[in-house]
>>> print(open('target_6.cif').read())   # mmCIF, C-alpha atoms
data_upload
loop_
_atom_site.label_atom_id
_atom_site.label_comp_id
_atom_site.auth_asym_id
_atom_site.auth_seq_id
_atom_site.Cartn_x
_atom_site.Cartn_y
_atom_site.Cartn_z
CA MET A 1 43.86 110.60 152.41
CA ARG A 2 42.46 108.27 155.03
CA GLN A 3 39.76 105.76 154.37
CA ARG A 4 36.69 107.20 156.10
CA TYR A 5 35.86 110.51 157.71
CA ARG A 6 33.50 110.37 160.69
CA VAL A 7 31.43 113.46 161.42
CA LEU A 8 28.45 114.28 163.62
CA ILE A 9 25.45 116.37 162.59
CA GLY A 10 23.42 117.70 165.49
CA LYS A 11 20.57 120.03 166.23
CA PRO A 12 20.93 121.72 169.60
CA GLY A 13 18.05 123.42 171.35
CA LEU A 14 14.32 123.37 170.88
CA ASP A 15 14.30 124.11 167.15
CA GLY A 16 12.67 121.20 165.31
CA HIS A 17 13.35 122.30 161.74
CA ASP A 18 15.70 119.54 160.68
CA ARG A 19 15.36 119.57 156.90
CA GLY A 20 18.65 121.40 156.51
CA ALA A 21 20.48 119.11 158.93
CA ARG A 22 19.12 116.02 157.20
CA PHE A 23 20.00 117.40 153.78
CA ILE A 24 23.60 118.01 154.83
CA ALA A 25 23.79 114.60 156.52
CA ARG A 26 22.70 112.90 153.30
CA ALA A 27 25.05 115.00 151.15
CA LEU A 28 27.96 114.01 153.38
CA ARG A 29 26.91 110.37 153.26
CA ASP A 30 26.83 110.53 149.46
CA ALA A 31 30.31 112.09 149.52
CA GLY A 32 31.60 109.04 151.43
CA PHE A 33 31.48 110.33 155.01
CA GLU A 34 30.23 108.29 157.95
CA VAL A 35 27.65 110.60 159.48
CA ILE A 36 26.32 110.21 163.00
CA TYR A 37 22.98 111.96 163.19
CA THR A 38 21.70 112.89 166.64
CA GLY A 39 18.17 113.96 165.79
CA ILE A 40 16.49 117.14 167.01
CA ARG A 41 16.26 118.84 170.41
CA ARG A 42 19.61 117.89 171.87
CA THR A 43 21.37 119.65 174.67
CA PRO A 44 24.93 120.88 174.06
CA GLU A 45 26.12 118.27 176.58
CA GLU A 46 24.41 115.43 174.69
CA ILE A 47 26.01 116.54 171.44
CA ALA A 48 29.45 116.82 173.04
CA ALA A 49 29.15 113.38 174.69
CA ALA A 50 28.10 111.84 171.38
CA ALA A 51 30.99 113.52 169.52
CA VAL A 52 33.46 112.11 172.05
CA GLN A 53 32.03 108.58 172.13
CA GLU A 54 31.85 108.43 168.35
CA ASP A 55 35.38 109.86 167.94
CA VAL A 56 34.28 112.17 165.13
CA ALA A 57 36.64 114.53 163.33
CA ALA A 58 34.13 117.36 162.98
CA VAL A 59 30.76 118.46 164.34
CA GLY A 60 28.13 120.24 162.23
CA LEU A 61 25.38 122.19 163.99
CA SER A 62 22.20 123.51 162.47
CA SER A 63 19.98 126.26 163.85
CA MET A 64 16.95 127.86 162.22
CA SER A 65 15.34 129.59 165.18
CA GLY A 66 17.78 132.33 166.10
CA ALA A 67 19.33 130.66 169.14
CA HIS A 68 22.70 130.04 167.48
CA LEU A 69 24.54 132.74 169.49
CA ARG A 70 23.73 130.88 172.62
CA LEU A 71 23.75 127.25 171.49
CA PHE A 72 26.77 127.01 169.16
CA PRO A 73 29.19 128.44 171.76
CA ALA A 74 27.53 126.22 174.39
CA VAL A 75 28.42 123.13 172.30
CA ALA A 76 32.01 124.42 171.97
CA GLU A 77 32.18 124.82 175.74
CA ALA A 78 30.69 121.38 176.36
CA LEU A 79 33.27 119.84 174.01
CA ALA A 80 36.05 121.67 175.84
CA ARG A 81 34.75 120.37 179.19
CA ALA A 82 34.76 116.85 177.72
CA GLY A 83 38.43 117.30 176.78
CA ALA A 84 37.61 117.55 173.08
CA ALA A 85 38.23 121.22 172.25
CA ASP A 86 40.24 120.02 169.24
CA ILE A 87 37.12 118.80 167.38
CA PRO A 88 36.19 121.56 164.90
CA ILE A 89 32.60 122.86 164.78
CA LEU A 90 30.88 124.04 161.61
CA GLY A 91 27.58 125.86 161.80
CA GLY A 92 24.69 126.35 159.42
CA GLY A 93 21.18 127.75 159.23
CA ILE A 94 19.55 131.14 159.46
CA ILE A 95 22.44 133.19 160.76
CA PRO A 96 22.80 136.97 160.17
CA ASP A 97 26.15 138.21 158.89
CA GLU A 98 26.72 140.40 161.92
CA ASP A 99 26.75 137.30 164.16
CA ARG A 100 29.65 135.67 162.31
CA PRO A 101 32.49 137.39 164.21
CA LEU A 102 30.95 136.41 167.55
CA LEU A 103 30.61 132.79 166.50
CA GLU A 104 34.14 132.70 165.12
CA GLN A 105 35.40 134.11 168.40
CA ALA A 106 33.56 131.33 170.20
CA GLY A 107 35.50 128.78 168.14
CA ILE A 108 33.03 127.97 165.37
CA SER A 109 35.26 127.38 162.36
CA GLY A 110 32.79 128.05 159.56
CA ILE A 111 29.26 129.39 159.04
CA TYR A 112 27.16 128.33 156.04
CA THR A 113 23.83 130.00 155.31
CA PRO A 114 21.03 129.09 152.86
CA GLY A 115 22.14 129.37 149.23
CA THR A 116 25.63 127.96 149.87
CA PRO A 117 26.36 125.29 147.23
CA VAL A 118 26.36 121.87 148.87
CA ASP A 119 29.78 121.10 147.38
CA THR A 120 31.22 124.04 149.29
CA ILE A 121 29.89 122.60 152.53
CA VAL A 122 31.11 119.07 151.79
CA GLN A 123 34.53 120.49 150.95
CA ALA A 124 34.56 122.47 154.21
CA PHE A 125 33.86 119.28 156.17
CA ARG A 126 36.53 117.43 154.22
CA GLU A 127 39.14 120.08 155.00
CA ALA A 128 38.13 120.29 158.66
CA CYS A 129 38.46 116.49 158.94
CA GLU A 130 41.81 116.44 157.15
CA ARG A 131 43.19 119.08 159.52
CA HIS A 132 41.84 117.24 162.53
CA TYR A 133 43.21 113.82 161.56
CA ARG A 134 46.61 115.40 160.80
CA GLY A 135 46.61 116.78 164.33
CA ARG A 136 46.03 113.26 165.73
CA GLN A 137 49.28 111.80 164.38
CA MET B 138 55.74 106.68 178.54
CA THR B 139 54.80 106.40 174.86
CA GLY B 140 51.54 107.67 173.41
CA LEU B 141 50.37 104.10 173.08
CA ASP B 142 51.06 103.28 176.75
CA ARG B 143 49.17 106.39 177.77
CA LEU B 144 46.24 105.49 175.52
CA LEU B 145 46.14 101.96 176.96
CA ARG B 146 46.18 103.28 180.51
CA GLU B 147 43.36 105.72 179.72
CA VAL B 148 41.32 102.98 178.02
CA HIS B 149 41.59 100.82 181.13
CA ALA B 150 40.70 103.84 183.28
CA GLY B 151 37.47 104.07 181.28
CA ASN B 152 38.16 107.46 179.68
CA PRO B 153 35.50 107.63 176.94
CA ARG B 154 37.63 109.68 174.56
CA SER B 155 40.45 107.14 174.73
CA VAL B 156 38.10 104.17 174.37
CA ALA B 157 36.57 105.81 171.29
CA ARG B 158 39.99 106.60 169.84
CA ALA B 159 41.20 103.03 170.39
CA ILE B 160 38.17 101.69 168.51
CA THR B 161 38.90 104.04 165.60
CA LEU B 162 42.50 102.85 165.42
CA VAL B 163 41.33 99.25 165.11
CA GLU B 164 38.50 100.09 162.74
CA ASP B 165 40.87 101.92 160.41
CA GLY B 166 43.29 98.99 160.46
CA LEU B 167 46.18 100.98 161.94
CA GLU B 168 49.16 99.34 163.63
CA GLN B 169 48.49 100.93 167.01
CA GLY B 170 45.10 99.23 166.93
CA THR B 171 46.75 95.82 166.84
CA ALA B 172 49.02 96.79 169.73
CA ILE B 173 46.03 97.88 171.80
CA LEU B 174 44.19 94.61 171.24
CA ALA B 175 47.28 92.71 172.36
CA SER B 176 47.29 94.42 175.75
CA LEU B 177 43.68 94.40 176.95
CA ASP B 178 42.82 93.30 180.49
CA ARG B 179 41.87 89.64 180.10
CA GLN B 180 40.08 89.36 183.41
CA ARG B 181 37.69 92.10 182.42
CA LEU B 182 37.13 90.40 179.07
CA ALA B 183 36.24 87.17 180.88
CA ARG B 184 33.78 88.93 183.19
CA ALA B 185 32.03 90.80 180.39
CA LEU B 186 28.75 89.67 178.85
CA VAL B 187 28.05 90.35 175.18
CA VAL B 188 24.40 90.46 174.16
CA GLY B 189 23.56 90.55 170.46
CA ILE B 190 20.36 92.21 169.34
CA THR B 191 19.26 91.41 165.82
CA GLY B 192 16.11 91.23 163.74
CA PRO B 193 14.46 92.74 160.69
CA VAL B 194 14.42 96.43 159.80
CA GLY B 195 11.79 98.23 161.84
CA ALA B 196 11.28 95.55 164.49
CA GLY B 197 12.31 98.09 167.14
CA LYS B 198 15.86 96.99 167.93
CA SER B 199 17.22 100.46 168.75
CA THR B 200 14.27 101.43 170.94
CA LEU B 201 14.45 98.08 172.74
CA THR B 202 18.21 98.49 173.20
CA GLY B 203 17.62 101.93 174.73
CA ARG B 204 15.14 100.41 177.21
CA LEU B 205 17.48 97.55 178.12
CA VAL B 206 20.22 100.08 178.83
CA ARG B 207 17.94 101.74 181.38
CA PHE B 208 17.12 98.37 182.99
CA PHE B 209 20.74 97.26 183.28
CA LEU B 210 21.84 100.66 184.63
CA ASP B 211 19.33 100.14 187.42
CA GLN B 212 21.00 96.78 188.10
CA GLY B 213 24.27 98.63 188.66
CA GLU B 214 25.91 97.68 185.37
CA ARG B 215 28.09 99.85 183.13
CA LEU B 216 27.19 99.40 179.48
CA GLY B 217 28.85 99.63 176.12
CA ILE B 218 26.70 99.67 173.00
CA VAL B 219 27.91 98.91 169.50
CA ALA B 220 25.25 99.93 166.97
CA VAL B 221 25.87 98.94 163.36
CA ASP B 222 24.24 100.54 160.32
CA PRO B 223 24.93 99.86 156.63
CA SER B 224 27.51 101.62 154.47
CA SER B 225 26.49 102.78 151.02
CA PRO B 226 27.63 100.36 148.30
CA PHE B 227 28.13 103.39 146.03
CA SER B 228 29.79 106.15 148.05
CA GLY B 229 31.05 104.07 150.98
CA GLY B 230 29.45 106.67 153.23
CA ALA B 231 26.90 105.88 155.91
CA LEU B 232 24.20 107.52 157.95
CA LEU B 233 24.43 106.20 161.49
CA GLY B 234 21.16 106.95 163.21
CA ASP B 235 20.73 104.40 166.01
CA ARG B 236 21.77 106.95 168.62
CA VAL B 237 18.63 108.96 167.95
CA ARG B 238 16.64 106.36 169.89
CA MET B 239 19.11 106.07 172.73
CA MET B 240 19.72 109.70 173.57
CA THR B 241 18.19 109.56 177.04
CA GLN B 242 21.38 107.87 178.25
CA ALA B 243 23.73 110.00 176.14
CA THR B 244 25.29 111.92 179.00
CA ASP B 245 25.38 109.10 181.56
CA ASP B 246 29.05 108.26 182.07
CA ARG B 247 28.18 104.63 182.77
CA VAL B 248 27.15 104.27 179.13
CA LEU B 249 29.25 104.44 175.99
CA ILE B 250 27.60 104.21 172.58
CA ARG B 251 29.58 103.62 169.41
CA SER B 252 27.94 103.67 165.98
CA MET B 253 29.75 101.71 163.32
CA ALA B 254 29.24 101.32 159.57
CA THR B 255 29.41 97.89 157.92
CA ARG B 256 32.13 99.11 155.51
CA GLY B 257 31.23 96.59 152.85
CA ARG B 258 30.76 93.60 155.08
CA LEU B 259 27.59 91.52 154.82
CA GLY B 260 26.28 89.48 157.70
CA GLY B 261 24.89 92.29 159.83
CA LEU B 262 28.06 93.52 161.54
CA CYS B 263 31.32 95.23 160.62
CA THR B 264 34.68 93.49 160.79
CA ALA B 265 35.82 95.59 163.76
CA ALA B 266 32.71 94.96 165.88
CA GLY B 267 34.40 92.21 167.92
CA ALA B 268 37.41 94.41 168.59
CA ALA B 269 35.16 97.31 169.65
CA VAL B 270 33.39 94.97 172.08
CA ARG B 271 36.66 93.83 173.63
CA ILE B 272 38.00 97.38 174.01
CA MET B 273 34.79 98.40 175.78
CA ALA B 274 34.95 95.34 178.02
CA ALA B 275 38.55 96.10 178.96
CA ALA B 276 37.51 99.67 179.76
CA GLY B 277 35.14 98.34 182.41
CA TYR B 278 31.84 98.31 180.55
CA ARG B 279 30.80 94.88 181.76
CA LEU B 280 27.67 94.51 179.70
CA ILE B 281 27.93 95.09 176.00
CA LEU B 282 24.94 95.26 173.69
CA VAL B 283 25.63 94.78 169.99
CA GLU B 284 22.85 95.93 167.71
CA THR B 285 23.10 94.71 164.13
CA VAL B 286 21.83 96.32 160.95
CA GLY B 287 18.29 95.34 160.10
CA VAL B 288 18.65 91.76 158.87
CA GLY B 289 16.80 89.44 156.53
CA GLN B 290 17.03 85.69 156.70
CA SER B 291 20.70 84.90 156.60
CA GLU B 292 22.78 87.46 158.47
CA TRP B 293 23.81 85.94 161.77
CA ASP B 294 27.38 87.09 162.36
CA VAL B 295 26.22 88.50 165.66
CA ALA B 296 25.35 85.07 167.01
CA ARG B 297 29.02 84.16 166.84
CA LEU B 298 30.21 87.36 168.48
CA ALA B 299 27.57 87.47 171.22
CA ASP B 300 27.30 85.25 174.29
CA ILE B 301 23.53 85.63 174.14
CA THR B 302 21.64 86.50 170.97
CA LEU B 303 18.21 88.09 170.96
CA VAL B 304 16.24 87.90 167.74
CA VAL B 305 13.69 90.70 167.82
CA LEU B 306 10.55 90.26 165.73
CA ALA B 307 7.34 92.21 165.45
CA PRO B 308 3.88 91.33 164.19
CA GLY B 309 3.20 91.84 160.50
CA PHE B 310 6.45 90.65 158.95
CA GLY B 311 5.18 87.56 157.19
CA ASP B 312 3.40 84.29 157.78
CA ASP B 313 4.40 81.19 159.69
CA ILE B 314 6.22 79.73 156.69
CA GLN B 315 8.75 82.55 156.96
CA ALA B 316 9.47 81.58 160.51
CA MET B 317 9.91 77.91 159.58
CA LYS B 318 12.76 78.66 157.21
CA ALA B 319 16.30 77.92 158.26
CA GLY B 320 18.43 80.77 159.46
CA LEU B 321 17.77 83.65 161.77
CA LEU B 322 15.40 81.99 164.23
CA GLU B 323 17.76 79.08 164.70
CA VAL B 324 20.59 81.25 165.99
CA ALA B 325 18.47 82.94 168.66
CA ASP B 326 18.99 82.22 172.34
CA LEU B 327 15.92 84.27 173.16
CA LEU B 328 13.13 85.25 170.79
CA VAL B 329 11.57 88.63 171.48
CA ILE B 330 8.24 89.72 170.08
CA ASN B 331 8.43 93.49 170.25
CA LYS B 332 5.44 95.74 169.57
CA ALA B 333 3.46 93.11 171.43
CA ASP B 334 0.67 95.64 171.87
CA LEU B 335 -0.07 95.54 168.14
CA PRO B 336 -2.60 93.25 166.41
CA GLY B 337 -1.10 89.92 165.35
CA ALA B 338 1.28 89.65 168.30
CA ARG B 339 -0.70 86.82 169.91
CA LYS B 340 -0.70 84.82 166.67
CA LEU B 341 3.04 85.32 166.23
CA LEU B 342 3.61 84.17 169.81
CA LEU B 343 1.66 80.93 169.25
CA GLU B 344 3.46 80.25 165.97
CA LEU B 345 6.89 80.74 167.48
CA GLN B 346 6.07 78.67 170.55
CA GLY B 347 4.79 75.96 168.24
CA MET B 348 7.99 75.54 166.30
CA ALA B 349 10.97 76.68 168.33
CA GLU B 350 12.02 75.16 171.61
CA LYS B 351 13.17 78.51 172.83
CA ASP B 352 11.99 81.13 175.23
CA VAL B 353 9.72 83.64 173.56
CA LEU B 354 9.28 86.93 175.40
CA GLU B 355 6.91 89.77 174.60
CA THR B 356 7.86 93.43 174.88
CA SER B 357 6.61 96.81 173.86
CA ALA B 358 9.71 98.99 173.86
CA VAL B 359 7.75 102.15 173.08
CA ARG B 360 5.42 101.54 176.04
CA ASP B 361 8.27 100.26 178.20
CA GLU B 362 6.52 96.93 178.85
CA GLY B 363 8.15 93.54 179.35
CA ILE B 364 11.64 95.01 179.59
CA GLY B 365 12.33 93.91 183.17
CA ARG B 366 11.37 90.31 182.42
CA LEU B 367 13.61 90.26 179.34
CA GLY B 368 16.51 91.81 181.25
CA GLN B 369 16.15 89.29 184.09
CA ARG B 370 16.02 86.41 181.63
CA ILE B 371 19.27 87.61 180.03
CA LEU B 372 21.02 87.67 183.42
CA GLU B 373 19.66 84.21 184.33
CA LEU B 374 20.86 82.83 181.02
CA GLU B 375 24.29 84.30 181.67
CA GLN B 376 24.51 82.41 184.98
CA GLU B 377 23.46 79.22 183.25
CA LEU B 378 26.03 79.62 180.44
CA ARG B 379 28.82 80.31 182.90
CA ARG B 380 27.87 77.40 185.15
CA THR B 381 27.88 74.94 182.27
CA ASN B 382 31.04 76.38 180.63
CA ARG B 383 29.07 76.99 177.47
CA LEU B 384 30.03 80.67 177.57
CA GLU B 385 33.75 79.87 177.34
CA GLU B 386 33.18 77.29 174.61
CA GLY B 387 31.11 79.76 172.58
CA ARG B 388 33.84 82.37 172.89
CA ARG B 389 36.52 79.96 171.75
CA GLN B 390 34.58 79.31 168.57
CA ALA B 391 33.91 83.03 168.15
CA ARG B 392 37.62 83.83 168.40
CA GLU B 393 38.43 81.28 165.72
CA SER B 394 35.80 82.54 163.35
CA GLU B 395 36.82 86.17 163.91
CA ALA B 396 40.46 85.32 163.25
CA LEU B 397 39.36 83.78 159.98
CA ASP B 398 37.39 86.96 159.18
CA TRP B 399 40.41 89.20 159.71
CA LEU B 400 42.51 86.86 157.60
CA LEU B 401 40.03 86.97 154.72
CA GLU B 402 39.75 90.74 155.10
CA ARG B 403 43.51 91.09 154.75
CA LEU B 404 43.61 88.77 151.77
CA ARG B 405 40.81 90.53 149.92
CA GLU B 406 42.91 93.33 148.44
CA PRO B 407 45.93 91.25 147.34
CA LEU B 408 43.57 88.69 145.84
CA ALA B 409 41.59 91.41 144.05
CA ARG B 410 44.88 92.61 142.59
CA LEU B 411 45.70 89.13 141.41
CA VAL B 412 42.31 88.82 139.71
CA ARG B 413 42.77 92.17 137.98
CA GLU B 414 46.22 91.14 136.71
CA GLU B 415 44.94 87.82 135.45
CA GLY B 416 41.95 89.47 133.77
CA ALA B 417 38.66 87.64 134.07
CA ALA B 418 37.34 88.40 130.58
CA GLY B 419 36.44 85.58 128.22
CA CYS B 420 36.76 82.91 130.87
CA ASP B 421 34.26 81.45 133.31
CA PRO B 422 34.88 83.12 136.70
CA ARG B 423 35.08 79.77 138.43
CA ILE B 424 37.85 78.70 136.06
CA THR B 425 39.72 81.97 136.60
CA ALA B 426 39.58 81.30 140.34
CA GLU B 427 40.84 77.72 139.94
CA ARG B 428 43.74 78.92 137.81
CA LEU B 429 44.69 81.59 140.36
CA LEU B 430 44.52 79.08 143.19
CA GLU B 431 47.01 76.91 141.33
CA ARG B 432 49.25 79.93 140.86
CA ILE B 433 49.11 80.80 144.57
CA GLY B 434 49.87 77.19 145.40
CA ALA B 435 52.85 77.33 143.09
CA LEU B 436 54.02 80.53 144.77
CA GLY B 437 53.66 79.02 148.25
#
>>> encode(input="target_6.cif", output="structure tokens")
Amino acid sequence: MRQRYRVLIGKPGLDGHDRGARFIARALRDAGFEVIYTGIRRTPEEIAAAAVQEDVAAVGLSSMSGAHLRLFPAVAEALARAGAADIPILGGGIIPDEDRPLLEQAGISGIYTPGTPVDTIVQAFREACERHYRGRQ
Amino acid sequence: MTGLDRLLREVHAGNPRSVARAITLVEDGLEQGTAILASLDRQRLARALVVGITGPVGAGKSTLTGRLVRFFLDQGERLGIVAVDPSSPFSGGALLGDRVRMMTQATDDRVLIRSMATRGRLGGLCTAAGAAVRIMAAAGYRLILVETVGVGQSEWDVARLADITLVVLAPGFGDDIQAMKAGLLEVADLLVINKADLPGARKLLLELQGMAEKDVLETSAVRDEGIGRLGQRILELEQELRRTNRLEEGRRQARESEALDWLLERLREPLARLVREEGAAGCDPRITAERLLERIGALG
């Protein structure tokens, strides 16, 4: 295992409910990750640019306002335009089950809704990072 | 062409993904990182200007840095920013949040922001900060702003790395005795009183002017006041340092001290192993150290 995993936690769109995002950011910090936090109300392009400049191994997005079907794929597209389609995206928040297939199709590699144990989420980030860093070699 | 050659070419072409990757390779202590540092464009390194921004927690360093970025962009510069935040002493993890206050420039391709964690280092920076600065400079970001963690009285690593060091203060952080103490204020090239719109700013200004023979500038980063004057002063100071060769002399000393840092960093683990083998129980730590030094001497 490598020394430090770098991940980015971002909140795209106009939704200002960042408790969940902050909670996950802190949990990842406490699990030894280096977490870049972008704050609320970011555009997909801002999140993608930050992910590239920070050379993160995974991006976590949070949405509580129902705009995930639009915003999560938009971040995936922005990453692809920035030449960083290989950075995995994990999503969380208020997301109905029937939206999962659409998000997976759009390249979101995991969806975590309220009630998911935090260890499950940390483990998902760890595995996403491990896969990504293996791909770099 | 090997992967490394391609990466080097892309770094020098200013490709942000490659610049970021190169910094990671150095930060993680990988071999390719060393190879990259050996092949950076020296002319670009010589042209670059490194500005350190330090000061106590909450003085407004990140907000001020964001404003300075705007000012220097308007002057036609390309900017790299290295923003350092502390690592947890327990988990080793970190929350890097300086970007939050610089997001207005996030998608401008003339700006590259890299957040870094201290990874156990004290002194306000991380060990790889100097390397990150040089990679950015070689990539064509001529002006590089290095923002330290929030510092107390004795973290001034940045003053060695930077050509020009700003110490950012704000009203309400303590009385004039604090400012008289040795340390942080001494390493400043420019003193900045941020939040100059708040009560107490005038008093702080008089105190600082009374004791330090340095320029003191007032800003309010939130209100976007005083930024142009500060930016101009930085560029004037650069001209002065270049004219008098003090810039080159400062960098020579910085290179020496950074080489020593890397050396100590590399020695830390083998030495820690030696201490564990020796066992420090029942003996004064100083005496354990003396005994180990003798052993190393005998080995050498």
>>> resolve_selection(input="target_6.cif", expression="the PyMOL selection byres ((chain A) within 9 of (chain B))", output="ChimeraX atom specification")
/A:2-5,25-26,28-40,42,45-50,52-55,82-84
>>> closest_residue(input="target_6.cif", among="A:Ala51, A:Ala67, A:Ile24, A:Ala78", to="Val118 in chain A", atoms="all atoms listed in the file")
A:Ile24
>>> resolve_selection(input="target_6.cif", expression="the PyMOL selection byres ((chain B and resi 197-213) around 10)", output="VMD selection string")
chain B and resid 189 to 196 214 to 218 220 234 to 242 245 247 to 248 280 to 287 303 to 307 329 to 332 356 to 362 364 to 369 372
>>> atom_distance(input="target_6.cif", atom1="CA of Gly92 in chain A", atom2="CA of Lys11 in chain A")
10.2 Å
>>> closest_residue(input="target_6.cif", among="B:Ala185, B:Ile272, B:Asn382, B:Arg423", to="Gly170 in chain B", atoms="all atoms listed in the file")
B:Ile272
>>> residues_around(input="target_6.cif", residues="Gly261 in chain B", least_positions_apart="4", cutoff="8 Å", atoms="all atoms listed in the file", output="PyMOL selection string")
chain B and resi 221+255+285-288+292-295
>>> resolve_selection(input="target_6.cif", expression="the PyMOL selection byres ((chain A and resi 112) around 8)", output="PyMOL selection string")
chain A and resi 90-93+110-111+113-114+116+121
>>> closest_residue(input="target_6.cif", among="A:Arg41, A:Val7, A:Glu104, A:Arg126", to="Val59 in chain A", atoms="all atoms listed in the file")
A:Val7
>>> residues_around(input="target_6.cif", residues="Val270 in chain B", least_positions_apart="3", cutoff="8 Å", atoms="only C-alpha atoms", output="PyMOL selection string")
chain B and resi 187+217+219+266-267+273-274+281
>>> residues_around(input="target_6.cif", residues="Pro44 in chain A", least_positions_apart="4", cutoff="8 Å", atoms="all atoms listed in the file", output="PyMOL selection string")
chain A and resi 12-13+48+71+74-75+78
>>> atom_distance(input="target_6.cif", atom1="CA of Phe125 in chain A", atom2="CA of Ala58 in chain A")
7.1 Å
>>> atom_distance(input="target_6.cif", atom1="CA of Leu8 in chain A", atom2="CA of Ile173 in chain B")
25.4 Å
>>> residues_around(input="target_6.cif", residues="Val188 in chain B", least_positions_apart="2", cutoff="6 Å", atoms="all atoms listed in the file", output="ChimeraX atom specification")
/B:282,299-302
>>> residues_around(input="target_6.cif", residues="Asp99 in chain A", least_positions_apart="4", cutoff="9 Å", atoms="only C-alpha atoms", output="number ranges by chain")
A: 68-69, 95, 103-104
>>> axis_aligned_box(input="target_6.cif", around="range 79-94 of chain A", padding_each_side="3 Å", output="lines of an AutoDock Vina configuration file")
center_x = 29.9
center_y = 124.0
center_z = 169.2
size_x = 26.7
size_y = 20.3
size_z = 26.0
>>> residues_near_point(input="target_6.cif", point="(42.0, 95.4, 185.3)", cutoff="10 Å", atoms="only C-alpha atoms", output="VMD selection string")
chain B and resid 149 to 150 177 to 182 275 to 277
>>> closest_residue(input="target_6.cif", among="B:Ala268, B:Glu393, B:Arg184, B:Asp142", to="Leu162 in chain B", atoms="only C-alpha atoms")
B:Ala268
